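> What follows is upload38.txt, made up of compact mmCIF, C-alpha atoms and all ligand atoms:
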```txt
# COMPACT_ATOMS: atom_id res chain seq x y z
CA MET S 21 -21.21 27.34 -28.65
CA LYS S 22 -21.64 23.66 -27.65
CA ILE S 23 -18.66 22.81 -25.44
CA LEU S 24 -17.15 19.36 -24.94
CA VAL S 25 -14.42 18.53 -22.40
CA GLN S 26 -12.24 15.53 -23.30
CA LYS S 27 -9.72 14.14 -20.80
CA PHE S 28 -6.90 11.79 -21.79
CA GLY S 29 -5.06 9.70 -19.19
CA GLY S 30 -1.35 8.85 -19.13
CA THR S 31 -1.66 5.60 -21.10
CA SER S 32 -3.48 7.43 -23.90
CA LEU S 33 -0.54 9.81 -24.32
CA ASP S 34 2.54 7.67 -23.70
CA THR S 35 3.72 7.16 -27.31
CA GLU S 36 3.57 9.25 -30.47
CA GLU S 37 1.17 6.76 -32.00
CA ASN S 38 -1.14 6.82 -29.00
CA ARG S 39 -1.11 10.63 -28.94
CA ARG S 40 -2.23 10.55 -32.57
CA HIS S 41 -5.12 8.23 -31.63
CA ALA S 42 -6.12 10.73 -28.94
CA ALA S 43 -5.84 13.61 -31.41
CA TRP S 44 -8.25 11.84 -33.79
CA LYS S 45 -10.86 11.75 -31.02
CA VAL S 46 -10.44 15.51 -30.63
CA LYS S 47 -10.65 16.08 -34.38
CA GLU S 48 -13.88 14.06 -34.60
CA ALA S 49 -15.41 16.27 -31.91
CA VAL S 50 -14.27 19.48 -33.62
CA GLN S 51 -15.74 18.25 -36.91
CA THR S 52 -19.04 17.56 -35.11
CA GLY S 53 -19.16 21.26 -34.22
CA TYR S 54 -17.99 21.30 -30.61
CA GLY S 55 -15.74 23.87 -28.98
CA VAL S 56 -13.29 21.38 -27.44
CA VAL S 57 -11.32 21.70 -24.21
CA VAL S 58 -8.82 18.89 -23.70
CA VAL S 59 -7.46 17.98 -20.26
CA VAL S 60 -4.28 15.92 -20.22
CA SER S 61 -2.44 13.83 -17.65
CA ALA S 62 1.34 13.42 -17.67
CA MET S 63 2.61 11.18 -20.48
CA GLY S 64 2.88 7.50 -19.48
CA ARG S 65 2.03 5.51 -16.37
CA GLY S 66 4.80 4.29 -14.05
CA ALA S 67 8.49 5.12 -13.84
CA ASP S 68 9.43 3.91 -17.36
CA TYR S 69 8.49 7.21 -18.98
CA PRO S 70 10.72 10.29 -18.65
CA TYR S 71 7.95 12.82 -17.85
CA SER S 72 5.45 10.67 -15.91
CA THR S 73 4.40 11.66 -12.41
CA ASP S 74 6.16 8.58 -10.97
CA THR S 75 9.42 9.56 -12.67
CA LEU S 76 9.20 13.10 -11.30
CA ILE S 77 8.49 11.77 -7.78
CA GLY S 78 11.57 9.52 -8.15
CA LEU S 79 13.83 12.55 -8.69
CA MET S 80 13.65 13.37 -4.97
CA SER S 81 14.36 11.21 -1.93
CA GLU S 82 11.21 10.47 0.08
CA GLU S 83 12.60 12.16 3.16
CA ILE S 84 13.58 15.41 1.46
CA ALA S 85 10.37 15.46 -0.58
CA GLY S 86 8.43 15.22 2.68
CA SER S 87 9.93 18.50 3.85
CA MET S 88 9.35 20.33 0.53
CA ALA S 89 5.61 19.97 -0.09
CA GLU S 90 5.30 23.33 -1.86
CA GLU S 91 8.23 22.69 -4.22
CA MET S 92 7.11 19.09 -4.85
CA ASP S 93 3.84 20.42 -6.26
CA LEU S 94 5.81 22.76 -8.51
CA LEU S 95 7.88 19.79 -9.71
CA LEU S 96 4.93 17.42 -10.21
CA SER S 97 2.91 20.04 -12.11
CA CYS S 98 5.57 19.97 -14.87
CA GLY S 99 4.52 16.51 -16.15
CA GLU S 100 1.08 17.75 -17.21
CA ILE S 101 2.44 21.05 -18.58
CA ILE S 102 4.88 19.16 -20.84
CA SER S 103 2.06 16.86 -21.90
CA ALA S 104 -0.28 19.80 -22.70
CA VAL S 105 2.27 21.54 -24.92
CA VAL S 106 3.26 18.32 -26.70
CA PHE S 107 -0.37 17.35 -27.29
CA ALA S 108 -1.28 20.83 -28.58
CA GLY S 109 1.62 20.31 -31.03
CA VAL S 110 0.23 16.93 -32.14
CA LEU S 111 -3.16 18.58 -32.75
CA ARG S 112 -1.54 21.26 -34.91
CA GLY S 113 0.23 18.51 -36.84
CA GLU S 114 -3.23 17.02 -37.48
CA GLY S 115 -4.49 20.36 -38.76
CA CYS S 116 -6.33 21.49 -35.60
CA GLU S 117 -5.80 25.05 -34.36
CA SER S 118 -4.77 24.64 -30.72
CA CYS S 119 -3.08 26.20 -27.70
CA ALA S 120 -1.81 24.87 -24.34
CA MET S 121 -2.38 26.22 -20.82
CA SER S 122 -1.17 25.38 -17.34
CA GLY S 123 -3.81 24.97 -14.62
CA ARG S 124 -3.11 28.51 -13.44
CA GLN S 125 -3.60 29.96 -16.95
CA ALA S 126 -6.81 27.97 -17.28
CA GLY S 127 -8.18 29.68 -14.15
CA ILE S 128 -8.16 26.64 -11.82
CA GLN S 129 -8.08 28.14 -8.32
CA THR S 130 -7.52 25.86 -5.33
CA GLY S 131 -7.02 25.77 -1.59
CA GLY S 132 -3.46 25.59 -0.27
CA ASN S 133 -3.27 21.92 0.76
CA PHE S 134 -0.21 20.84 -1.25
CA GLY S 135 -0.47 17.42 -2.86
CA GLU S 136 -4.22 17.15 -2.21
CA ALA S 137 -5.57 20.62 -3.01
CA HIS S 138 -9.30 21.07 -3.66
CA ILE S 139 -10.56 23.20 -6.52
CA ARG S 140 -12.42 26.19 -5.05
CA ARG S 141 -13.41 28.03 -8.21
CA VAL S 142 -12.71 28.11 -11.91
CA ARG S 143 -12.35 31.36 -13.89
CA PRO S 144 -12.50 30.10 -17.47
CA ASP S 145 -12.28 33.52 -19.25
CA ARG S 146 -9.01 32.76 -21.01
CA ILE S 147 -10.29 29.35 -22.15
CA LEU S 148 -13.48 30.93 -23.53
CA GLU S 149 -11.47 33.60 -25.38
CA ARG S 150 -9.41 30.94 -27.14
CA LEU S 151 -12.46 28.76 -27.88
CA HIS S 152 -14.11 31.72 -29.57
CA LEU S 153 -10.99 32.14 -31.71
CA GLY S 154 -11.68 28.60 -32.95
CA GLN S 155 -8.83 26.96 -31.04
CA VAL S 156 -8.84 23.64 -29.19
CA VAL S 157 -7.63 24.49 -25.68
CA VAL S 158 -5.35 21.87 -24.09
CA VAL S 159 -5.23 22.27 -20.30
CA ALA S 160 -2.65 20.66 -18.02
CA GLY S 161 -4.71 18.52 -15.61
CA PHE S 162 -4.05 17.73 -11.92
CA GLN S 163 -3.02 21.28 -10.95
CA GLY S 164 -4.13 24.76 -10.01
CA VAL S 165 -3.01 27.84 -8.18
CA SER S 166 -3.68 28.75 -4.53
CA ASP S 167 -4.91 32.13 -3.26
CA THR S 168 -1.30 32.90 -2.34
CA GLY S 169 -0.10 32.24 -5.89
CA CYS S 170 1.52 28.84 -5.28
CA VAL S 171 1.18 26.01 -7.78
CA THR S 172 -0.80 23.16 -6.22
CA THR S 173 -1.62 19.61 -7.30
CA LEU S 174 -4.89 17.77 -6.76
CA GLY S 175 -3.68 14.25 -5.80
CA ARG S 176 -3.14 11.14 -7.95
CA GLY S 177 -5.77 10.78 -10.66
CA GLY S 178 -6.42 14.52 -10.30
CA SER S 179 -6.77 15.23 -14.03
CA ASP S 180 -10.23 13.62 -13.82
CA ILE S 181 -11.09 16.31 -11.26
CA THR S 182 -9.83 19.09 -13.54
CA ALA S 183 -11.97 17.74 -16.38
CA ALA S 184 -15.13 17.53 -14.25
CA ALA S 185 -14.58 21.01 -12.79
CA LEU S 186 -14.03 22.54 -16.25
CA GLY S 187 -17.08 20.69 -17.56
CA CYS S 188 -19.21 22.34 -14.86
CA ALA S 189 -17.61 25.81 -15.12
CA LEU S 190 -17.96 25.88 -18.91
CA GLU S 191 -21.47 24.36 -18.79
CA ALA S 192 -20.20 21.73 -21.19
CA GLU S 193 -22.70 19.42 -22.85
CA LYS S 194 -20.65 16.50 -21.51
CA VAL S 195 -17.24 15.40 -20.25
CA GLU S 196 -15.54 12.45 -21.94
CA VAL S 197 -12.87 10.66 -19.91
CA PHE S 198 -10.68 8.64 -22.28
CA THR S 199 -8.62 5.78 -20.87
CA ASP S 200 -7.28 2.32 -21.74
CA VAL S 201 -10.45 0.30 -21.01
CA ASP S 202 -13.88 0.32 -22.70
CA GLY S 203 -15.64 2.14 -19.89
CA ILE S 204 -16.57 1.34 -16.31
CA MET S 205 -16.55 -2.42 -16.04
CA THR S 206 -18.31 -4.67 -13.55
CA ALA S 207 -14.85 -5.13 -11.92
CA ASP S 208 -11.24 -4.19 -12.68
CA PRO S 209 -10.52 -6.27 -15.82
CA ARG S 210 -6.96 -6.80 -14.56
CA VAL S 211 -8.38 -8.69 -11.57
CA VAL S 212 -11.57 -10.33 -12.89
CA SER S 213 -11.16 -11.71 -16.38
CA GLY S 214 -14.93 -11.97 -16.97
CA ALA S 215 -15.58 -8.28 -16.23
CA THR S 216 -17.96 -6.64 -18.70
CA ARG S 217 -18.66 -3.01 -19.56
CA VAL S 218 -21.55 -1.34 -17.78
CA LYS S 219 -23.53 0.80 -20.24
CA ARG S 220 -24.85 3.34 -17.79
CA LEU S 221 -24.56 4.14 -14.11
CA THR S 222 -25.87 6.81 -11.77
CA TYR S 223 -23.51 9.36 -10.23
CA ARG S 224 -24.19 7.77 -6.86
CA GLU S 225 -23.09 4.31 -7.98
CA VAL S 226 -19.94 5.68 -9.57
CA CYS S 227 -19.01 7.79 -6.52
CA GLU S 228 -19.31 4.70 -4.34
CA MET S 229 -17.32 2.49 -6.75
CA ALA S 230 -14.60 5.15 -7.06
CA HIS S 231 -14.34 5.61 -3.28
CA LEU S 232 -14.04 1.84 -2.90
CA GLY S 233 -11.10 1.65 -5.30
CA ALA S 234 -12.34 1.54 -8.92
CA LYS S 235 -9.61 3.88 -10.09
CA VAL S 236 -11.00 4.33 -13.60
CA ILE S 237 -12.48 7.61 -12.32
CA HIS S 238 -11.44 9.78 -9.35
CA PRO S 239 -14.21 9.89 -6.73
CA ARG S 240 -13.99 13.70 -6.44
CA ALA S 241 -14.53 14.01 -10.21
CA ALA S 242 -17.72 11.99 -9.91
CA GLU S 243 -18.83 14.21 -7.01
CA ILE S 244 -18.16 17.45 -8.89
CA ALA S 245 -20.00 16.14 -11.97
CA THR S 246 -22.93 15.26 -9.70
CA GLU S 247 -23.06 18.77 -8.25
CA GLY S 248 -22.84 20.38 -11.68
CA GLY S 249 -25.17 17.84 -13.29
CA VAL S 250 -22.81 17.37 -16.24
CA PRO S 251 -22.98 13.93 -17.89
CA LEU S 252 -19.72 11.95 -17.79
CA TRP S 253 -18.72 9.40 -20.40
CA ILE S 254 -15.89 6.94 -19.80
CA ARG S 255 -14.47 5.81 -23.16
CA ASN S 256 -11.56 3.93 -24.68
CA THR S 257 -9.08 6.06 -26.65
CA PHE S 258 -8.25 3.07 -28.81
CA SER S 259 -11.71 1.83 -29.81
CA HIS S 260 -15.03 3.13 -31.09
CA ASP S 261 -16.84 1.46 -28.23
CA GLU S 262 -19.71 3.57 -26.92
CA GLY S 263 -18.34 3.62 -23.35
CA THR S 264 -20.17 4.14 -20.06
CA LEU S 265 -22.58 7.00 -19.47
CA ILE S 266 -22.82 8.40 -15.95
CA ALA S 267 -25.70 10.75 -15.21
CA ASP S 268 -28.63 11.32 -12.90
CA ARG S 269 -31.19 8.54 -12.61
CA LEU S 270 -34.09 10.77 -13.54
CA LYS S 271 -32.43 12.31 -16.56
CA LEU S 272 -32.62 11.28 -20.16
CA VAL S 273 -29.23 11.95 -21.70
CA GLU S 274 -28.96 11.63 -25.46
CA GLY S 275 -32.18 9.62 -25.33
CA ILE S 276 -30.67 7.02 -22.97
CA PRO S 277 -32.69 6.45 -19.79
CA ILE S 278 -30.56 6.08 -16.64
CA LYS S 279 -32.26 3.43 -14.58
CA GLY S 280 -29.64 2.76 -11.98
CA ASP S 281 -29.94 1.39 -8.50
CA THR S 282 -29.16 -2.22 -9.34
CA VAL S 283 -28.69 -4.38 -6.22
CA VAL S 284 -25.02 -4.99 -7.12
CA SER S 285 -23.65 -3.14 -10.15
CA GLY S 286 -19.95 -3.81 -9.67
CA ILE S 287 -17.07 -5.16 -7.60
CA ALA S 288 -14.33 -2.73 -6.50
CA HIS S 289 -11.13 -3.36 -4.60
CA ILE S 290 -8.26 -1.65 -2.80
CA THR S 291 -4.90 -3.39 -2.41
CA GLU S 292 -1.85 -2.98 -0.14
CA LEU S 293 -3.64 -2.65 3.16
CA ALA S 294 -2.36 -3.49 6.62
CA GLN S 295 -4.62 -4.61 9.46
CA VAL S 296 -3.99 -3.04 12.86
CA LYS S 297 -5.24 -4.55 16.13
CA VAL S 298 -4.81 -2.63 19.38
CA SER S 299 -5.70 -4.30 22.70
CA THR S 300 -7.70 -1.78 24.70
CA GLY S 301 -8.94 -3.91 27.62
CA ASP S 302 -7.22 -1.69 30.21
CA VAL S 303 -7.06 1.53 28.21
CA THR S 304 -9.32 4.44 29.17
CA ALA S 305 -11.81 5.93 26.70
CA GLY S 306 -9.87 9.22 26.89
CA LYS S 307 -6.62 7.57 25.84
CA ARG S 308 -8.34 5.74 22.97
CA LEU S 309 -9.62 9.07 21.68
CA GLU S 310 -6.12 10.57 22.00
CA VAL S 311 -4.70 7.71 19.92
CA LEU S 312 -7.28 8.20 17.17
CA LYS S 313 -6.60 11.95 17.11
CA ALA S 314 -2.82 11.41 16.95
CA LEU S 315 -3.25 9.03 13.98
CA ALA S 316 -5.36 11.63 12.17
CA GLU S 317 -2.83 14.38 12.86
CA ALA S 318 -0.06 12.16 11.46
CA GLY S 319 -2.06 11.91 8.20
CA ILE S 320 -2.78 8.20 8.69
CA SER S 321 -6.33 7.54 7.56
CA LEU S 322 -8.17 4.58 8.99
CA ASP S 323 -10.74 2.36 7.36
CA LEU S 324 -12.89 -0.61 8.45
CA ILE S 325 -12.79 0.70 12.02
CA ASN S 326 -14.26 -1.66 14.65
CA VAL S 327 -14.18 -0.52 18.25
CA SER S 328 -15.10 -2.86 21.10
CA PRO S 329 -14.24 -2.74 24.84
CA GLN S 330 -11.40 -5.24 24.33
CA GLU S 331 -9.94 -4.17 21.02
CA MET S 332 -9.68 -1.48 18.38
CA CYS S 333 -9.25 -2.93 14.91
CA PHE S 334 -8.79 -1.00 11.65
CA THR S 335 -6.91 -0.94 8.35
CA ILE S 336 -4.32 1.52 7.05
CA LYS S 337 -2.37 1.77 3.81
CA GLU S 338 0.64 -0.57 3.91
CA ALA S 339 2.91 2.40 3.18
CA LYS S 340 1.89 3.90 6.54
CA THR S 341 2.81 0.79 8.56
CA GLU S 342 6.10 2.07 9.98
CA SER S 343 4.79 5.49 11.00
CA ALA S 344 1.67 3.91 12.58
CA LYS S 345 3.79 1.40 14.49
CA LYS S 346 6.03 4.14 15.85
CA LEU S 347 3.13 6.31 16.87
CA LEU S 348 1.14 3.52 18.57
CA LYS S 349 4.23 2.28 20.45
CA SER S 350 4.75 5.82 21.80
CA PHE S 351 1.39 5.38 23.56
CA ASP S 352 2.73 2.18 25.12
CA LEU S 353 -0.03 0.03 23.60
CA ASP S 354 -0.16 -3.65 22.80
CA VAL S 355 -0.29 -3.49 18.98
CA ARG S 356 -0.25 -6.06 16.18
CA ILE S 357 0.12 -4.87 12.60
CA GLU S 358 -0.06 -7.28 9.69
CA LYS S 359 0.51 -6.38 6.05
CA GLY S 360 -0.82 -8.19 2.98
CA PHE S 361 -4.55 -7.46 2.88
CA ALA S 362 -7.00 -6.21 0.25
CA LYS S 363 -10.53 -4.88 0.57
CA VAL S 364 -13.11 -6.24 -1.86
CA SER S 365 -16.48 -4.51 -2.11
CA ALA S 366 -19.79 -5.28 -3.76
CA VAL S 367 -21.36 -1.97 -4.79
CA GLY S 368 -24.96 -1.24 -5.73
CA ALA S 369 -27.20 1.70 -4.96
CA GLY S 370 -30.16 -0.70 -4.93
CA MET S 371 -28.95 -2.97 -2.10
CA ARG S 372 -30.48 -0.79 0.60
CA GLY S 373 -33.06 -2.84 2.46
CA VAL S 374 -32.58 -5.92 0.27
CA PRO S 375 -32.23 -8.89 2.62
CA GLY S 376 -29.63 -11.59 2.18
CA VAL S 377 -26.88 -9.68 0.32
CA MET S 378 -24.34 -10.25 3.10
CA ALA S 379 -25.41 -13.90 3.37
CA SER S 380 -24.74 -14.37 -0.37
CA ILE S 381 -21.31 -12.80 0.01
CA VAL S 382 -20.31 -14.98 2.96
CA GLU S 383 -21.65 -18.06 1.20
CA SER S 384 -19.72 -17.43 -2.03
CA LEU S 385 -16.43 -16.54 -0.32
CA THR S 386 -16.68 -19.53 2.01
CA ALA S 387 -17.39 -21.82 -0.94
CA SER S 388 -14.17 -20.52 -2.55
CA GLY S 389 -12.22 -21.23 0.66
CA ILE S 390 -11.60 -17.52 1.32
CA GLU S 391 -11.48 -16.23 4.86
CA ILE S 392 -13.07 -12.85 5.70
CA HIS S 393 -10.86 -10.96 8.18
CA GLN S 394 -13.17 -7.98 8.67
CA SER S 395 -16.27 -6.55 7.05
CA ALA S 396 -18.26 -3.35 6.84
CA ASP S 397 -21.37 -2.16 5.07
CA SER S 398 -23.14 1.01 4.01
CA HIS S 399 -26.48 1.58 2.27
CA THR S 400 -24.82 1.00 -1.07
CA SER S 401 -21.92 -1.38 -0.46
CA ILE S 402 -20.59 -4.34 1.50
CA SER S 403 -16.82 -4.67 1.93
CA CYS S 404 -14.71 -7.61 3.08
CA LEU S 405 -11.04 -7.64 4.05
CA VAL S 406 -9.23 -10.65 2.59
CA ARG S 407 -5.60 -11.72 2.21
CA SER S 408 -3.90 -10.16 -0.85
CA GLU S 409 -3.39 -13.57 -2.41
CA ASP S 410 -7.17 -14.15 -2.22
CA LEU S 411 -8.03 -10.89 -4.01
CA CYS S 412 -8.61 -12.32 -7.51
CA GLY S 413 -10.51 -15.32 -6.13
CA ALA S 414 -12.70 -13.15 -3.90
CA ALA S 415 -13.47 -10.54 -6.58
CA THR S 416 -14.26 -13.28 -9.10
CA ALA S 417 -16.45 -15.19 -6.62
CA LEU S 418 -18.51 -12.04 -5.86
CA HIS S 419 -18.66 -11.16 -9.55
CA ASN S 420 -20.15 -14.59 -10.28
CA CYS S 421 -22.36 -14.61 -7.21
CA PHE S 422 -24.19 -11.43 -8.36
CA GLY S 423 -24.47 -12.55 -11.98
CA LEU S 424 -22.20 -9.81 -13.34
CA SER S 425 -20.40 -12.02 -15.85
CA GLN S 426 -23.27 -12.20 -18.36
P1 LIG P 501 -5.85 6.86 -16.78
O1 LIG P 501 -4.36 6.93 -16.84
O2 LIG P 501 -6.48 6.84 -18.15
O3 LIG P 501 -6.45 7.87 -15.87
P2 LIG P 501 -6.25 4.83 -14.74
O4 LIG P 501 -5.15 3.86 -14.57
O5 LIG P 501 -6.37 5.92 -13.73
O6 LIG P 501 -6.17 5.41 -16.23
O7 LIG P 501 -7.66 4.08 -14.79
C1 LIG P 501 -7.88 3.05 -15.73
C2 LIG P 501 -7.65 1.68 -15.08
O8 LIG P 501 -8.61 1.52 -14.03
C3 LIG P 501 -7.89 0.51 -15.98
O9 LIG P 501 -6.74 0.18 -16.71
C4 LIG P 501 -8.35 -0.59 -15.02
O10 LIG P 501 -7.32 -1.52 -14.73
C5 LIG P 501 -8.66 0.15 -13.72
N1 LIG P 501 -9.98 -0.16 -13.17
C6 LIG P 501 -10.24 -0.44 -11.87
N2 LIG P 501 -11.54 -0.70 -11.68
C7 LIG P 501 -12.15 -0.57 -12.88
C8 LIG P 501 -13.49 -0.70 -13.33
N3 LIG P 501 -14.50 -1.03 -12.50
N4 LIG P 501 -13.73 -0.49 -14.63
C9 LIG P 501 -12.74 -0.16 -15.49
N5 LIG P 501 -11.45 -0.03 -15.12
C10 LIG P 501 -11.14 -0.22 -13.84
MG MG P 502 -6.79 7.95 -13.74
```
Using structure tokens, write down the structure that the file contains.

Amino acid sequence: MKILVQKFGGTSLDTEENRRHAAWKVKEAVQTGYGVVVVVSAMGRGADYPYSTDTLIGLMSEEIAGSMAEEMDLLLSCGEIISAVVFAGVLRGEGCESCAMSGRQAGIQTGGNFGEAHIRRVRPDRILERLHLGQVVVVAGFQGVSDTGCVTTLGRGGSDITAAALGCALEAEKVEVFTDVDGIMTADPRVVSGATRVKRLTYREVCEMAHLGAKVIHPRAAEIATEGGVPLWIRNTFSHDEGTLIADRLKLVEGIPIKGDTVVSGIAHITELAQVKVSTGDVTAGKRLEVLKALAEAGISLDLINVSPQEMCFTIKEAKTESAKKLLKSFDLDVRIEKGFAKVSAVGAGMRGVPGVMASIVESLTASGIEIHQSADSHTSISCLVRSEDLCGAATALHNCFGLSQ
């Protein structure tokens, strides 16, 4: 049996009408002859929907929730379970034989790290049984079960991970991720109005874009698809647009060659960052290490880390500002923390060894009157920290500078 995994995000499932649009995509695939496994997110994005993840989070105070990690996962898993049952019902209404499963029933086994669990293995026997009975199997995304039998969740955007993992475990022909945009665009269309759809990308490019903030696909989903070699399509639930194909550069998928490795294939960004500067002129190397370890233990992850004899400078999520401040003060350090930053990155697997990319970035941001507060680079990306109010200007300037608007 040819198997297809289709994932629908929260905005594709938020209203009855939208759920019907999603169901038509499933019906089309069934009519083409696929055994279809559907992965769903919770219905709706944000706190305006009764069963969205944000609404469920809002049922508990932050402080209490922090002390009930295990139960919070149980609570949050309900959004996707409700969505799976409701969507299986919509499919039946459209004349499609269907059933719904929780992550546990679908055989998604994870580690025990509540809120951010990793999928360790998938035992898809029950899914296969139902597929062979001719049913469409609707699986609740974003969740699994730990070795000790606890319900776990995979982190925000985790339904993408479920879809990729099922695609690999079921040796699916492909995984289609349906969302509210036409595919992976050259930048977030909410930030850069001239962003255009990219027809095809390599796994490597997508992993990098996802890690640098392009939230259209979860980075871990791209990594799992890479390992399993399953092609990923990003498509719009509400259009017939072809979407974006993500596969290996050497592979021909459905006759489409994946060239990849463009110098800059897209602009990604991360918002709500705070910049931390710690004076370390008279601080020993041992104490500096202790500080870094304490931050890690407190679950505060650091980015754009620059260490020099006089100063340690890095960024954290704005939401972690208070806990970082408290922790750094306990070490009796001279600390300045400033909120209101965003990180803008130019991403392209082909920029390795190409001279002048950073010079072009500095030139275009300077010409737009935007100050760079920090920067970092890897083989496949260059990132700049800018003020939040400069985000749109900076992303648009880089988008234009690398000719992505055509
Ligand atoms: P879903 O609920 O379907 O999982 P998400 O909100 O997680 O949807 O992801 C889709 C959103 O990702 C889009 O609405 C878009 O604003 C944002 N996005 C960010 N970067 C990109 C990009 N490079 N291409 C497309 N969308 C992007
Ligand atoms: Mg998502």
> Output the neighbourhood of ligand MG 502 (chain P) as a CSV table (one decimal) with C-alpha atoms, in the coordinates of the input, that is, all protein and nucleic acid residues with some atom at most 9 Å from the ligand, counting all atoms listed in the file.

```csv
chain,number,residue,atom,x,y,z
S,28,PHE,CA,-6.9,11.8,-21.8
S,29,GLY,CA,-5.1,9.7,-19.2
S,30,GLY,CA,-1.4,8.8,-19.1
S,61,SER,CA,-2.4,13.8,-17.6
S,176,ARG,CA,-3.1,11.1,-8.0
S,177,GLY,CA,-5.8,10.8,-10.7
S,178,GLY,CA,-6.4,14.5,-10.3
S,179,SER,CA,-6.8,15.2,-14.0
S,180,ASP,CA,-10.2,13.6,-13.8
S,199,THR,CA,-8.6,5.8,-20.9
S,235,LYS,CA,-9.6,3.9,-10.1
S,236,VAL,CA,-11.0,4.3,-13.6
S,237,ILE,CA,-12.5,7.6,-12.3
S,238,HIS,CA,-11.4,9.8,-9.4
```
> Just checking: using only C-alpha atoms, which residue out of S:Ala43, S:Glu193, S:Gly113, S:Val250 ends up closest to Thr222 in chain S?
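Using only C-alpha atoms, the shortest distance to Thr222 in chain S belongs to S:Val250.
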> Ligand LIG 501 (chain P): which residues are within 7 Å, counting all atoms listed in the file, as an NGL selection string?
:S and (28-32 or 65 or 177 or 198-201 or 203-210 or 233-237 or 286-288)
> Could you write out that same residue set with C-alpha atoms as a compact mmCIF listing (two decimals), keeping the file's coordinate frame?

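And here's out.txt as it stands now:
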```txt
# COMPACT_ATOMS: atom_id res chain seq x y z
CA PHE S 28 -6.90 11.79 -21.79
CA GLY S 29 -5.06 9.70 -19.19
CA GLY S 30 -1.35 8.85 -19.13
CA THR S 31 -1.66 5.60 -21.10
CA SER S 32 -3.48 7.43 -23.90
CA ARG S 65 2.03 5.51 -16.37
CA GLY S 177 -5.77 10.78 -10.66
CA PHE S 198 -10.68 8.64 -22.28
CA THR S 199 -8.62 5.78 -20.87
CA ASP S 200 -7.28 2.32 -21.74
CA VAL S 201 -10.45 0.30 -21.01
CA GLY S 203 -15.64 2.14 -19.89
CA ILE S 204 -16.57 1.34 -16.31
CA MET S 205 -16.55 -2.42 -16.04
CA THR S 206 -18.31 -4.67 -13.55
CA ALA S 207 -14.85 -5.13 -11.92
CA ASP S 208 -11.24 -4.19 -12.68
CA PRO S 209 -10.52 -6.27 -15.82
CA ARG S 210 -6.96 -6.80 -14.56
CA GLY S 233 -11.10 1.65 -5.30
CA ALA S 234 -12.34 1.54 -8.92
CA LYS S 235 -9.61 3.88 -10.09
CA VAL S 236 -11.00 4.33 -13.60
CA ILE S 237 -12.48 7.61 -12.32
CA GLY S 286 -19.95 -3.81 -9.67
CA ILE S 287 -17.07 -5.16 -7.60
CA ALA S 288 -14.33 -2.73 -6.50
```
> Pick out the residues sitting within 7 Å of range 352-355 of chain S, and hand them over as a PyMOL selection string; count only C-alpha atoms, and ignore anything fewer than 2 positions along from it in its own chain.
chain S and resi 297-299+348-350+357
> Go through S:Ala215, S:Val374, S:Ala414, S:Val226 one by one, measure the shortest atom-to-atom distance of each to His289 in chain S using only C-alpha atoms, and give the residue with the smallest value.
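The shortest atom-to-atom distance to His289 in chain S comes from S:Ala414.
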> Nearest residue to Gln163 in chain S out of S:Leu94, S:Arg220, S:Ala318, S:Ile147, using all atoms listed in the file?
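For Gln163 in chain S, the nearest of the candidates is S:Leu94.
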> Quote the spacing between CA of Ala415 in chain S and CA of Thr246 in chain S in Å to one decimal place.
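Distance reported for this atom pair: 27.7 Å.
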> Gly135 in chain S: which residues within 7 Å, counting all atoms listed in the file, same-chain residues fewer than 6 positions away excluded, as number ranges by chain?
S: 93, 172-175
> Kindly give the distance, in Å, that separates CA of Ala126 in chain S and CA of Ser87 in chain S, rounded to a single decimal.
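It comes out at 28.6 Å.
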> Measuring atom to atom with all atoms listed in the file, identify which of S:Val171, S:Cys116, S:Val311, S:Ala230 is nearest to Glu136 in chain S.
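With all atoms listed in the file as the atom set, the closest residue is S:Val171.
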> Interatomic distance between CA of Val195 in chain S and CA of Arg143 in chain S?
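Interatomic distance, CA of Val195 in chain S to CA of Arg143 in chain S: 17.9 Å.
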> Point out the residue among S:Ala366, S:Leu411, S:Leu95, S:Ile101 with the least atom-to-atom distance to Asp397 in chain S, counting all atoms listed in the file.
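Looking at the shortest contact to Asp397 in chain S, the residue is S:Ala366.
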> For Glu37 in chain S, which residue among S:Gly161, S:Phe258, S:Val211, S:Gln129 is the nearest when counting all atoms listed in the file?
S:Phe258
> Could you pull the residues within 9 Å of Leu24 in chain S, counting all atoms listed in the file, minus those fewer than 3 positions along the same chain, as a list of chain:residue names?
S:Ala49, S:Tyr54, S:Gly55, S:Val56, S:Val57, S:Val58, S:Gly187, S:Leu190, S:Ala192, S:Glu193, S:Lys194, S:Val195, S:Glu196
> Let's have the selection written as a CSV table (one decimal), in the coordinates of the input, with C-alpha atoms.

```
chain,number,residue,atom,x,y,z
S,49,ALA,CA,-15.4,16.3,-31.9
S,54,TYR,CA,-18.0,21.3,-30.6
S,55,GLY,CA,-15.7,23.9,-29.0
S,56,VAL,CA,-13.3,21.4,-27.4
S,57,VAL,CA,-11.3,21.7,-24.2
S,58,VAL,CA,-8.8,18.9,-23.7
S,187,GLY,CA,-17.1,20.7,-17.6
S,190,LEU,CA,-18.0,25.9,-18.9
S,192,ALA,CA,-20.2,21.7,-21.2
S,193,GLU,CA,-22.7,19.4,-22.8
S,194,LYS,CA,-20.6,16.5,-21.5
S,195,VAL,CA,-17.2,15.4,-20.2
S,196,GLU,CA,-15.5,12.4,-21.9
```
